[in-house]
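Note: the block below is work35.cif and it holds mmCIF, C-alpha atoms.
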data_target
loop_
_atom_site.label_atom_id
_atom_site.label_comp_id
_atom_site.auth_asym_id
_atom_site.auth_seq_id
_atom_site.Cartn_x
_atom_site.Cartn_y
_atom_site.Cartn_z
CA MET A 1257 -12.20 27.65 -2.27
CA ILE A 1258 -14.96 25.01 -2.39
CA ASP A 1259 -18.20 26.39 -0.87
CA TRP A 1260 -19.11 23.38 1.28
CA LEU A 1261 -15.72 23.24 3.02
CA PRO A 1262 -14.89 25.08 6.28
CA ALA A 1263 -12.97 28.35 6.03
CA GLY A 1264 -9.25 27.83 5.59
CA VAL A 1265 -9.59 24.33 4.14
CA GLU A 1266 -8.40 24.36 0.53
CA PRO A 1267 -7.69 20.94 -1.07
CA PHE A 1268 -4.53 20.72 -3.21
CA ALA A 1269 -3.67 24.37 -2.53
CA GLY A 1270 -0.78 25.66 -4.62
CA ILE A 1271 -0.64 22.51 -6.76
CA ALA A 1272 -0.90 22.89 -10.56
CA TRP A 1273 -3.93 21.40 -12.34
CA TRP A 1274 -1.77 18.90 -14.22
CA ALA A 1275 -0.25 17.70 -10.93
CA ILE A 1276 -3.74 17.24 -9.46
CA ALA A 1277 -4.69 15.24 -12.58
CA ILE A 1278 -1.66 12.99 -11.93
CA VAL A 1279 -2.83 12.47 -8.33
CA PHE A 1280 -6.32 11.43 -9.48
CA ALA A 1281 -4.92 9.13 -12.18
CA ALA A 1282 -2.46 7.53 -9.73
CA HIS A 1283 -5.20 6.80 -7.19
CA ALA A 1284 -7.43 5.36 -9.92
CA PHE A 1285 -4.59 3.11 -11.11
CA GLY A 1286 -3.70 2.01 -7.58
CA CYS A 1287 -7.29 1.21 -6.60
CA PHE A 1288 -7.74 -0.75 -9.83
CA ILE A 1289 -4.81 -2.90 -8.64
CA ARG A 1290 -6.38 -3.27 -5.18
CA GLY A 1291 -9.66 -4.34 -6.73
CA ALA A 1292 -7.85 -6.99 -8.75
CA PHE A 1293 -5.53 -8.41 -6.08
CA GLY A 1294 -6.97 -7.36 -2.72
CA PHE A 1295 -3.85 -5.31 -1.92
CA GLY A 1296 -1.26 -3.13 -3.62
CA SER A 1297 -2.82 0.28 -4.18
CA ASN A 1298 -0.54 2.23 -1.84
CA LEU A 1299 2.73 1.31 -3.49
CA PRO A 1300 2.10 2.69 -7.00
CA VAL A 1301 0.08 5.62 -5.63
CA VAL A 1302 2.87 6.69 -3.28
CA LEU A 1303 5.58 6.18 -5.89
CA ILE A 1304 3.79 8.35 -8.44
CA THR A 1305 2.34 11.09 -6.23
CA THR A 1306 5.48 11.61 -4.13
CA PHE A 1307 6.96 13.50 -7.08
CA VAL A 1308 4.14 16.08 -7.09
CA LEU A 1309 2.97 16.15 -3.43
CA GLY A 1310 6.06 15.22 -1.42
CA PRO A 1311 6.40 11.95 0.49
CA HIS A 1312 4.46 12.76 3.67
CA HIS A 1313 1.49 14.27 1.84
CA ALA A 1314 1.46 11.40 -0.68
CA ILE A 1315 1.56 8.69 2.00
CA LEU A 1316 -1.16 10.21 4.18
CA LEU A 1317 -3.51 10.78 1.23
CA ALA A 1318 -2.93 7.20 0.02
CA LEU A 1319 -3.84 5.97 3.52
CA LEU A 1320 -7.22 7.71 3.33
CA THR A 1321 -8.16 6.41 -0.13
CA THR A 1322 -6.98 2.89 0.71
CA ILE A 1323 -9.38 2.73 3.64
CA VAL A 1324 -12.25 3.65 1.28
CA ALA A 1325 -11.21 1.04 -1.30
CA GLN A 1326 -10.69 -1.68 1.30
CA THR A 1327 -14.13 -1.15 2.85
CA ASN A 1328 -15.73 -2.13 -0.47
CA LEU A 1329 -13.75 -5.40 -0.58
CA LEU A 1330 -14.26 -6.46 3.06
CA PRO A 1331 -17.61 -8.34 2.95
CA SER A 1332 -16.49 -11.07 0.53
CA ALA A 1333 -13.04 -11.26 2.14
CA VAL A 1334 -14.44 -12.27 5.53
CA LYS A 1335 -15.90 -15.39 3.89
CA ASP A 1336 -12.89 -16.30 1.69
CA ALA A 1337 -9.94 -15.57 4.03
CA ASP A 1338 -7.76 -18.38 5.41
CA TRP A 1339 -8.10 -17.53 9.10
CA GLN A 1340 -5.58 -20.19 10.14
CA VAL A 1341 -2.96 -18.26 8.19
CA ALA A 1342 -4.27 -14.78 9.06
CA ARG A 1343 -4.46 -15.07 12.87
CA PRO A 1344 -0.74 -15.60 13.67
CA ILE A 1345 0.15 -12.80 11.24
CA MET A 1346 -2.06 -10.20 12.89
CA ALA A 1347 0.02 -9.57 16.03
CA GLY A 1348 3.35 -9.22 14.20
CA LEU A 1349 1.77 -7.12 11.46
CA THR A 1350 0.19 -4.75 14.00
CA ALA A 1351 3.43 -4.33 15.99
CA GLY A 1352 5.53 -3.80 12.86
CA THR A 1353 3.03 -1.34 11.40
CA MET A 1354 3.01 0.72 14.61
CA LEU A 1355 6.81 0.85 14.66
CA GLY A 1356 7.10 1.70 10.95
CA THR A 1357 4.37 4.37 11.10
CA TRP A 1358 6.03 6.00 14.10
CA LEU A 1359 9.35 6.09 12.20
CA PHE A 1360 7.47 7.66 9.27
CA THR A 1361 6.26 10.51 11.52
CA ILE A 1362 9.80 11.42 12.69
CA LEU A 1363 11.88 10.96 9.53
CA SER A 1364 12.81 14.11 7.56
CA THR A 1365 11.47 14.55 4.03
CA GLU A 1366 14.94 14.06 2.51
CA TRP A 1367 15.61 10.81 4.35
CA LEU A 1368 12.06 9.58 3.83
CA VAL A 1369 12.39 9.81 0.02
CA LEU A 1370 15.63 7.81 0.09
CA VAL A 1371 14.38 5.20 2.59
CA LEU A 1372 11.14 4.87 0.62
CA GLY A 1373 12.99 4.15 -2.61
CA ILE A 1374 15.34 1.60 -1.01
CA LEU A 1375 12.53 -0.26 0.80
CA LEU A 1376 10.25 -0.47 -2.21
CA CYS A 1377 13.09 -1.53 -4.49
CA THR A 1378 14.01 -4.28 -2.00
CA ILE A 1379 10.41 -5.50 -1.75
CA VAL A 1380 9.96 -5.78 -5.51
CA LEU A 1381 13.34 -7.50 -6.00
CA MET A 1382 12.49 -10.05 -3.29
CA ASP A 1383 9.33 -10.94 -5.18
CA TRP A 1384 11.11 -10.94 -8.54
CA PHE A 1385 13.78 -13.41 -7.35
CA ASN A 1386 11.28 -15.57 -5.41
CA VAL A 1387 13.13 -15.28 -2.10
CA VAL A 1388 10.24 -16.66 -0.03
CA GLY A 1389 9.69 -19.44 -2.55
CA ARG A 1390 13.22 -20.64 -1.82
CA VAL A 1391 12.62 -20.46 1.93
CA ALA A 1392 9.40 -22.46 1.50
CA ALA A 1393 11.38 -25.50 0.39
CA HIS A 1394 12.98 -25.74 3.86
CA PHE A 1395 10.39 -24.45 6.34
CA ASP A 1396 6.70 -24.92 7.20
CA LEU A 1397 5.18 -21.65 6.01
CA ARG A 1398 2.06 -22.19 8.11
CA SER A 1399 4.21 -22.07 11.26
CA GLY A 1400 3.03 -19.35 13.64
CA ARG A 1401 6.56 -18.26 14.54
CA LEU A 1402 7.63 -17.88 10.91
CA ALA A 1403 4.40 -16.06 10.06
CA SER A 1404 4.91 -13.60 12.92
CA GLY A 1405 8.48 -12.86 11.81
CA PHE A 1406 7.49 -12.19 8.19
CA SER A 1407 4.53 -10.07 9.27
CA PHE A 1408 6.59 -7.91 11.66
CA VAL A 1409 9.20 -7.12 9.01
CA GLY A 1410 6.52 -6.53 6.38
CA GLY A 1411 4.50 -4.28 8.70
CA THR A 1412 7.55 -2.19 9.57
CA MET A 1413 8.51 -1.76 5.91
CA GLY A 1414 4.94 -0.83 4.98
CA GLY A 1415 4.56 1.58 7.90
CA ILE A 1416 7.70 3.52 6.96
CA SER A 1417 7.07 3.59 3.22
CA GLY A 1418 3.29 4.06 3.27
CA GLY A 1419 2.83 0.93 1.17
CA GLY A 1420 4.63 -2.25 0.31
CA ALA A 1421 3.98 -4.47 3.32
CA PHE A 1422 1.87 -6.80 1.20
CA TYR A 1423 4.34 -6.88 -1.68
CA PHE A 1424 6.57 -8.49 0.94
CA LEU A 1425 3.88 -10.60 2.64
CA VAL A 1426 2.06 -11.78 -0.48
CA ILE A 1427 5.10 -13.82 -1.49
CA TYR A 1428 4.69 -15.69 1.79
CA LEU A 1429 0.88 -15.82 1.53
CA LYS A 1430 1.00 -17.31 -1.99
CA HIS A 1431 2.61 -20.40 -0.49
CA ALA A 1432 0.66 -20.47 2.79
CA CYS A 1433 -2.89 -20.07 1.38
CA ALA A 1434 -4.45 -23.07 -0.35
CA THR A 1435 -6.48 -21.28 -3.06
CA PRO A 1436 -6.43 -17.98 -4.98
CA ALA A 1437 -9.70 -16.96 -3.30
CA ALA A 1438 -8.19 -17.60 0.14
CA LEU A 1439 -5.09 -15.61 -0.82
CA ARG A 1440 -7.12 -12.60 -1.97
CA GLY A 1441 -9.46 -12.73 1.04
CA THR A 1442 -6.55 -13.00 3.48
CA ASN A 1443 -4.84 -10.05 1.78
CA VAL A 1444 -7.94 -7.92 2.26
CA ILE A 1445 -8.45 -8.84 5.94
CA LEU A 1446 -4.82 -8.16 6.84
CA SER A 1447 -4.74 -4.97 4.80
CA VAL A 1448 -7.75 -3.62 6.73
CA LEU A 1449 -5.87 -4.32 9.96
CA VAL A 1450 -2.79 -2.47 8.66
CA MET A 1451 -4.78 0.55 7.46
CA CYS A 1452 -6.64 0.90 10.77
CA THR A 1453 -3.40 0.58 12.79
CA ARG A 1454 -1.64 3.18 10.65
CA MET A 1455 -4.58 5.58 10.90
CA ILE A 1456 -4.60 5.33 14.72
CA VAL A 1457 -0.86 6.10 14.92
CA VAL A 1458 -1.15 8.97 12.43
CA LEU A 1459 -4.08 10.49 14.37
CA LEU A 1460 -2.22 10.18 17.69
CA ALA A 1461 0.80 11.88 16.08
CA GLY A 1462 -1.43 14.77 14.93
CA ARG A 1463 -0.56 14.31 11.25
CA MET A 1464 -4.12 14.13 9.84
CA THR A 1465 -5.74 17.44 8.87
CA LEU A 1466 -9.11 18.66 7.60
CA THR A 1467 -7.46 19.54 4.29
CA LEU A 1468 -6.24 15.96 3.84
CA LEU A 1469 -9.71 14.64 4.72
CA ALA A 1470 -11.24 16.96 2.12
CA GLU A 1471 -8.77 15.75 -0.52
CA GLY A 1472 -9.62 12.16 0.33
CA LEU A 1473 -13.32 12.93 0.01
CA LEU A 1474 -12.81 14.45 -3.46
CA LEU A 1475 -10.96 11.29 -4.54
CA THR A 1476 -13.62 8.92 -3.16
CA PRO A 1477 -15.80 8.54 -6.31
CA ILE A 1478 -12.86 7.58 -8.52
CA VAL A 1479 -11.50 5.26 -5.81
CA ILE A 1480 -14.80 3.35 -5.60
CA ALA A 1481 -15.17 3.14 -9.39
CA ALA A 1482 -11.57 1.97 -9.95
CA THR A 1483 -11.80 -0.67 -7.19
CA TRP A 1484 -15.01 -2.05 -8.68
CA TYR A 1485 -13.52 -2.12 -12.19
CA GLY A 1486 -10.35 -3.86 -10.98
CA THR A 1487 -12.44 -6.60 -9.38
CA ARG A 1488 -14.45 -7.05 -12.57
CA VAL A 1489 -11.42 -7.22 -14.87
CA PHE A 1490 -9.56 -9.65 -12.60
CA ARG A 1491 -12.47 -12.09 -12.61
CA ALA A 1492 -12.52 -12.06 -16.42
CA SER A 1493 -8.79 -12.46 -17.13
CA ALA A 1494 -5.54 -14.02 -15.89
CA PRO A 1495 -3.46 -11.47 -13.95
CA SER A 1496 0.02 -12.96 -14.41
CA ARG A 1497 1.25 -10.75 -17.28
CA PHE A 1498 -0.25 -7.64 -15.72
CA PHE A 1499 1.46 -8.40 -12.40
CA ALA A 1500 4.83 -8.89 -14.10
CA ALA A 1501 4.47 -5.52 -15.87
CA LEU A 1502 3.52 -3.93 -12.55
CA GLN A 1503 6.72 -5.23 -10.92
CA ILE A 1504 8.82 -3.61 -13.64
CA LEU A 1505 6.95 -0.32 -13.25
CA LEU A 1506 7.36 -0.31 -9.46
CA LEU A 1507 11.03 -1.20 -9.66
CA ALA A 1508 11.64 1.68 -12.06
CA GLY A 1509 9.75 4.06 -9.80
CA ALA A 1510 11.63 2.87 -6.70
CA ALA A 1511 14.97 3.37 -8.47
CA ALA A 1512 13.89 6.89 -9.43
CA LEU A 1513 13.04 7.64 -5.80
CA ILE A 1514 16.47 6.44 -4.67
CA ILE A 1515 18.14 8.78 -7.18
CA LYS A 1516 15.90 11.67 -6.09
CA GLY A 1517 16.60 10.98 -2.39
CA ILE A 1518 20.36 10.90 -2.92
CA GLY A 1519 20.13 14.11 -4.94
CA ARG A 1520 18.27 15.88 -2.08
CA LEU A 1521 20.77 14.71 0.53
CA VAL A 1522 23.75 15.72 -1.60
#

Just dump the structure as structure tokens.
Amino acid sequence: MIDWLPAGVEPFAGIAWWAIAIVFAAHAFGCFIRGAFGFGSNLPVVLITTFVLGPHHAILLALLTTIVAQTNLLPSAVKDADWQVARPIMAGLTAGTMLGTWLFTILSTEWLVLVLGILLCTIVLMDWFNVVGRVAAHFDLRSGRLASGFSFVGGTMGGISGGGAFYFLVIYLKHACATPAALRGTNVILSVLVMCTRMIVVLLAGRMTLTLLAEGLLLTPIVIAATWYGTRVFRASAPSRFFAALQILLLAGAAALIIKGIGRLV
């Protein structure tokens, strides 16, 4: 029991020290990614920590730490974002996120693991095979109707899986935003919207607890440090090789989740 916490609140109760170390390392890794790209911390965090915390616990804790990381990135994003691209995405992203988060609150643990693996695997494969890049050759990607459709699907996928909406949307945003700075700023602005929407739905569903808040607070120092370091490293180096390696890692993790989900159902 930690002295400054209320009675009955015990962070990471019943979890082995090595599993807690994995949780801290996963959140540090994920927030490093968010610092570098303006999005993307939830997906690796959820993939890794689901194996030691369970999917619901992993997703809710990742939501808390993402809000902390995103707050640090917001000031510069407001200036850099492409608002012409961001505005038509906001409505679809909000609606999809609300639907996906509601589905997250009612799915069983067994089905959630399987759905999570399938969704994340699909998202990474879509990026790998440049699906949106092919669509871009035939449609105006700055069209409000097309943006709303992509954002609704992406928001729903991210709401269910606890991460991954922007691995779907960033493929679209890479073509719609004129510069890398605009892409990163737009990612941050839209990610803040998603995190706030998900938090509201989770609170209304009664899924946030004092224990989860305490765990998020304990992770805050490493989240802030990793986000800052990711931003610093990204400015000093080209991210292309790192991003390709990340795709392989996420695809492997998503495949492992699918196998685990099938095993639980069987």

Atom-to-atom span, CA of Gly1294 (chain A) and CA of Gly1441 (chain A), Å: 7.0 Å

Matched chain/residue IDs from the PyMOL selection byres ((chain A and resi 1332) around 12), as a ChimeraX atom specification: /A:1294,1326-1331,1333-1337,1437-1438,1440-1445,1487

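Each of A:Arg1290, A:His1312, A:Arg1488, A:His1431 was checked against Leu1359 (chain A) using all atoms listed in the file; the smallest atom-to-atom distance is that of A:His1312.
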
Pick from A:Ala1434, A:Ala1277, A:Leu1317, A:Met1455, whichever lies nearest to Leu1473 (chain A) using all atoms listed in the file: A:Leu1317

Using all atoms of region 1461-1477 of chain A listed in the file and a margin of 5 Å per side, can you give the axis-aligned box centre and edge lengths in Å to one decimal, as lines of an AutoDock Vina configuration file?
center_x = -7.5
center_y = 14.0
center_z = 4.9
size_x = 26.6
size_y = 21.0
size_z = 32.4

Residues within 8 Å of Cys1433 (chain A), all atoms listed in the file, excluding chain neighbours under 4 positions, as a PyMOL selection string: chain A and resi 1338+1341+1429+1438-1439

Residue among A:Ala1351, A:Leu1381, A:Ala1482, A:Val1371 lying closest to Ile1518 (chain A), counting all atoms listed in the file: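 Of A:Ala1351, A:Leu1381, A:Ala1482, A:Val1371, the one nearest Ile1518 (chain A), counting all atoms listed in the file, is A:Val1371.
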
Residue members of the PyMOL selection byres ((chain A and resi 1305) around 9) in the file shown, as a PyMOL selection string: chain A and resi 1275+1278-1279+1282-1283+1300-1304+1306-1311+1313-1315

Point-to-point distance from CA of Thr1465 (chain A) to CA of Ile1323 (chain A), Å rounded to tenths: 16.0 Å

For Tyr1485 (chain A): contacts at 12 Å, only C-alpha atoms, fewer than 5 positions along chain excluded, given as a list in words: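 Answer for this query is Ala1284, Phe1285, Gly1286, Cys1287, Phe1288, Ile1289, Arg1290, Gly1291, Ala1292, Phe1293, Ala1325, Asn1328, Ile1478, Val1479, Ile1480, Phe1490, Arg1491 and Ala1492 of chain A.
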
Between CA of Thr1378 (chain A) and CA of Leu1507 (chain A), distance in Å (one decimal):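 So the two atoms, CA of Thr1378 (chain A) and CA of Leu1507 (chain A), lie 8.8 Å apart.
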
Neighbour list for Arg1343 (chain A) as a PyMOL selection string, cut-off 10 Å, all atoms listed in the file, skip fewer than 6 positions in-chain: chain A and resi 1400+1403-1404+1442+1446

Selection dump of the PyMOL selection byres ((chain A and resi 1407) around 8), as a count of residues only: 14

Residue among A:Ala1347, A:Ile1416, A:Leu1469, A:Val1387 lying closest to Leu1370 (chain A), counting all atoms listed in the file: A:Ile1416

Residue among A:Ala1318, A:Ala1281, A:Leu1368, A:Met1464 lying closest to Leu1299 (chain A), counting only C-alpha atoms: A:Ala1318

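When all atoms listed in the file are used to compute distances to Ala1461 (chain A), the closest of the residues A:Ile1362, A:Ala1272, A:Leu1376, A:Leu1402 turns out to be A:Ile1362.
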
Could you get me a file of region 1298-1310 of chain A with all heavy atoms, as a PDB file, in the first residue's frame, taken from the block above?
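What ended up in selection_35.pdb:
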ATOM      1  N   ASN A1298      -0.818   4.374 -28.217  1.00  0.00           N
ATOM      2  CA  ASN A1298      -1.756   3.375 -27.705  1.00  0.00           C
ATOM      3  C   ASN A1298      -1.561   1.992 -28.301  1.00  0.00           C
ATOM      4  O   ASN A1298      -1.673   0.980 -27.605  1.00  0.00           O
ATOM      5  CB  ASN A1298      -3.195   3.834 -27.981  1.00  0.00           C
ATOM      6  CG  ASN A1298      -3.670   4.854 -26.979  1.00  0.00           C
ATOM      7  OD1 ASN A1298      -2.862   5.518 -26.351  1.00  0.00           O
ATOM      8  ND2 ASN A1298      -4.968   4.998 -26.843  1.00  0.00           N
ATOM      9  N   LEU A1299      -1.305   1.936 -29.593  1.00  0.00           N
ATOM     10  CA  LEU A1299      -1.253   0.645 -30.268  1.00  0.00           C
ATOM     11  C   LEU A1299      -0.162  -0.265 -29.706  1.00  0.00           C
ATOM     12  O   LEU A1299      -0.458  -1.385 -29.267  1.00  0.00           O
ATOM     13  CB  LEU A1299      -1.070   0.871 -31.771  1.00  0.00           C
ATOM     14  CG  LEU A1299      -1.279  -0.319 -32.697  1.00  0.00           C
ATOM     15  CD1 LEU A1299      -2.589  -1.025 -32.423  1.00  0.00           C
ATOM     16  CD2 LEU A1299      -1.225   0.137 -34.148  1.00  0.00           C
ATOM     17  N   PRO A1300       1.103   0.140 -29.651  1.00  0.00           N
ATOM     18  CA  PRO A1300       2.104  -0.754 -29.065  1.00  0.00           C
ATOM     19  C   PRO A1300       1.904  -0.977 -27.574  1.00  0.00           C
ATOM     20  O   PRO A1300       2.149  -2.084 -27.081  1.00  0.00           O
ATOM     21  CB  PRO A1300       3.434  -0.035 -29.338  1.00  0.00           C
ATOM     22  CG  PRO A1300       3.082   1.384 -29.567  1.00  0.00           C
ATOM     23  CD  PRO A1300       1.726   1.369 -30.190  1.00  0.00           C
ATOM     24  N   VAL A1301       1.447   0.053 -26.856  1.00  0.00           N
ATOM     25  CA  VAL A1301       1.218  -0.105 -25.415  1.00  0.00           C
ATOM     26  C   VAL A1301       0.160  -1.167 -25.157  1.00  0.00           C
ATOM     27  O   VAL A1301       0.340  -2.077 -24.324  1.00  0.00           O
ATOM     28  CB  VAL A1301       0.800   1.240 -24.777  1.00  0.00           C
ATOM     29  CG1 VAL A1301       0.282   1.019 -23.361  1.00  0.00           C
ATOM     30  CG2 VAL A1301       1.971   2.200 -24.758  1.00  0.00           C
ATOM     31  N   VAL A1302      -0.964  -1.083 -25.867  1.00  0.00           N
ATOM     32  CA  VAL A1302      -2.052  -2.040 -25.666  1.00  0.00           C
ATOM     33  C   VAL A1302      -1.627  -3.450 -26.094  1.00  0.00           C
ATOM     34  O   VAL A1302      -1.919  -4.436 -25.400  1.00  0.00           O
ATOM     35  CB  VAL A1302      -3.311  -1.590 -26.431  1.00  0.00           C
ATOM     36  CG1 VAL A1302      -4.365  -2.686 -26.445  1.00  0.00           C
ATOM     37  CG2 VAL A1302      -3.881  -0.331 -25.796  1.00  0.00           C
ATOM     38  N   LEU A1303      -0.940  -3.546 -27.215  1.00  0.00           N
ATOM     39  CA  LEU A1303      -0.488  -4.857 -27.683  1.00  0.00           C
ATOM     40  C   LEU A1303       0.401  -5.550 -26.655  1.00  0.00           C
ATOM     41  O   LEU A1303       0.256  -6.736 -26.386  1.00  0.00           O
ATOM     42  CB  LEU A1303       0.284  -4.716 -29.005  1.00  0.00           C
ATOM     43  CG  LEU A1303      -0.544  -4.619 -30.276  1.00  0.00           C
ATOM     44  CD1 LEU A1303       0.361  -4.291 -31.456  1.00  0.00           C
ATOM     45  CD2 LEU A1303      -1.294  -5.907 -30.538  1.00  0.00           C
ATOM     46  N   ILE A1304       1.319  -4.803 -26.070  1.00  0.00           N
ATOM     47  CA  ILE A1304       2.277  -5.397 -25.136  1.00  0.00           C
ATOM     48  C   ILE A1304       1.646  -5.661 -23.774  1.00  0.00           C
ATOM     49  O   ILE A1304       1.772  -6.755 -23.210  1.00  0.00           O
ATOM     50  CB  ILE A1304       3.517  -4.486 -24.982  1.00  0.00           C
ATOM     51  CG1 ILE A1304       4.269  -4.386 -26.318  1.00  0.00           C
ATOM     52  CG2 ILE A1304       4.453  -5.017 -23.899  1.00  0.00           C
ATOM     53  CD1 ILE A1304       5.327  -3.295 -26.355  1.00  0.00           C
ATOM     54  N   THR A1305       0.917  -4.677 -23.231  1.00  0.00           N
ATOM     55  CA  THR A1305       0.427  -4.813 -21.858  1.00  0.00           C
ATOM     56  C   THR A1305      -0.818  -5.687 -21.734  1.00  0.00           C
ATOM     57  O   THR A1305      -1.146  -6.133 -20.631  1.00  0.00           O
ATOM     58  CB  THR A1305       0.141  -3.426 -21.243  1.00  0.00           C
ATOM     59  OG1 THR A1305      -0.854  -2.742 -22.021  1.00  0.00           O
ATOM     60  CG2 THR A1305       1.410  -2.595 -21.189  1.00  0.00           C
ATOM     61  N   THR A1306      -1.527  -5.936 -22.837  1.00  0.00           N
ATOM     62  CA  THR A1306      -2.670  -6.846 -22.787  1.00  0.00           C
ATOM     63  C   THR A1306      -2.272  -8.218 -22.257  1.00  0.00           C
ATOM     64  O   THR A1306      -3.033  -8.873 -21.539  1.00  0.00           O
ATOM     65  CB  THR A1306      -3.298  -6.997 -24.199  1.00  0.00           C
ATOM     66  OG1 THR A1306      -4.001  -5.794 -24.510  1.00  0.00           O
ATOM     67  CG2 THR A1306      -4.289  -8.149 -24.253  1.00  0.00           C
ATOM     68  N   PHE A1307      -1.053  -8.649 -22.556  1.00  0.00           N
ATOM     69  CA  PHE A1307      -0.614  -9.983 -22.149  1.00  0.00           C
ATOM     70  C   PHE A1307      -0.376 -10.086 -20.644  1.00  0.00           C
ATOM     71  O   PHE A1307      -0.379 -11.195 -20.102  1.00  0.00           O
ATOM     72  CB  PHE A1307       0.656 -10.369 -22.910  1.00  0.00           C
ATOM     73  CG  PHE A1307       0.422 -10.593 -24.370  1.00  0.00           C
ATOM     74  CD1 PHE A1307       0.764  -9.624 -25.300  1.00  0.00           C
ATOM     75  CD2 PHE A1307      -0.174 -11.752 -24.828  1.00  0.00           C
ATOM     76  CE1 PHE A1307       0.535  -9.823 -26.647  1.00  0.00           C
ATOM     77  CE2 PHE A1307      -0.416 -11.964 -26.169  1.00  0.00           C
ATOM     78  CZ  PHE A1307      -0.058 -10.997 -27.090  1.00  0.00           C
ATOM     79  N   VAL A1308      -0.168  -8.950 -19.959  1.00  0.00           N
ATOM     80  CA  VAL A1308       0.087  -9.009 -18.516  1.00  0.00           C
ATOM     81  C   VAL A1308      -1.041  -8.381 -17.684  1.00  0.00           C
ATOM     82  O   VAL A1308      -1.186  -8.695 -16.507  1.00  0.00           O
ATOM     83  CB  VAL A1308       1.437  -8.332 -18.153  1.00  0.00           C
ATOM     84  CG1 VAL A1308       2.574  -9.113 -18.732  1.00  0.00           C
ATOM     85  CG2 VAL A1308       1.484  -6.878 -18.601  1.00  0.00           C
ATOM     86  N   LEU A1309      -1.855  -7.506 -18.291  1.00  0.00           N
ATOM     87  CA  LEU A1309      -2.926  -6.838 -17.560  1.00  0.00           C
ATOM     88  C   LEU A1309      -4.316  -7.311 -17.959  1.00  0.00           C
ATOM     89  O   LEU A1309      -5.269  -7.119 -17.198  1.00  0.00           O
ATOM     90  CB  LEU A1309      -2.850  -5.316 -17.780  1.00  0.00           C
ATOM     91  CG  LEU A1309      -1.596  -4.582 -17.307  1.00  0.00           C
ATOM     92  CD1 LEU A1309      -1.691  -3.099 -17.671  1.00  0.00           C
ATOM     93  CD2 LEU A1309      -1.383  -4.746 -15.812  1.00  0.00           C
ATOM     94  N   GLY A1310      -4.448  -7.894 -19.149  1.00  0.00           N
ATOM     95  CA  GLY A1310      -5.766  -8.143 -19.718  1.00  0.00           C
ATOM     96  C   GLY A1310      -6.172  -6.973 -20.583  1.00  0.00           C
ATOM     97  O   GLY A1310      -5.703  -5.845 -20.366  1.00  0.00           O
TER      98      GLY A1310
END
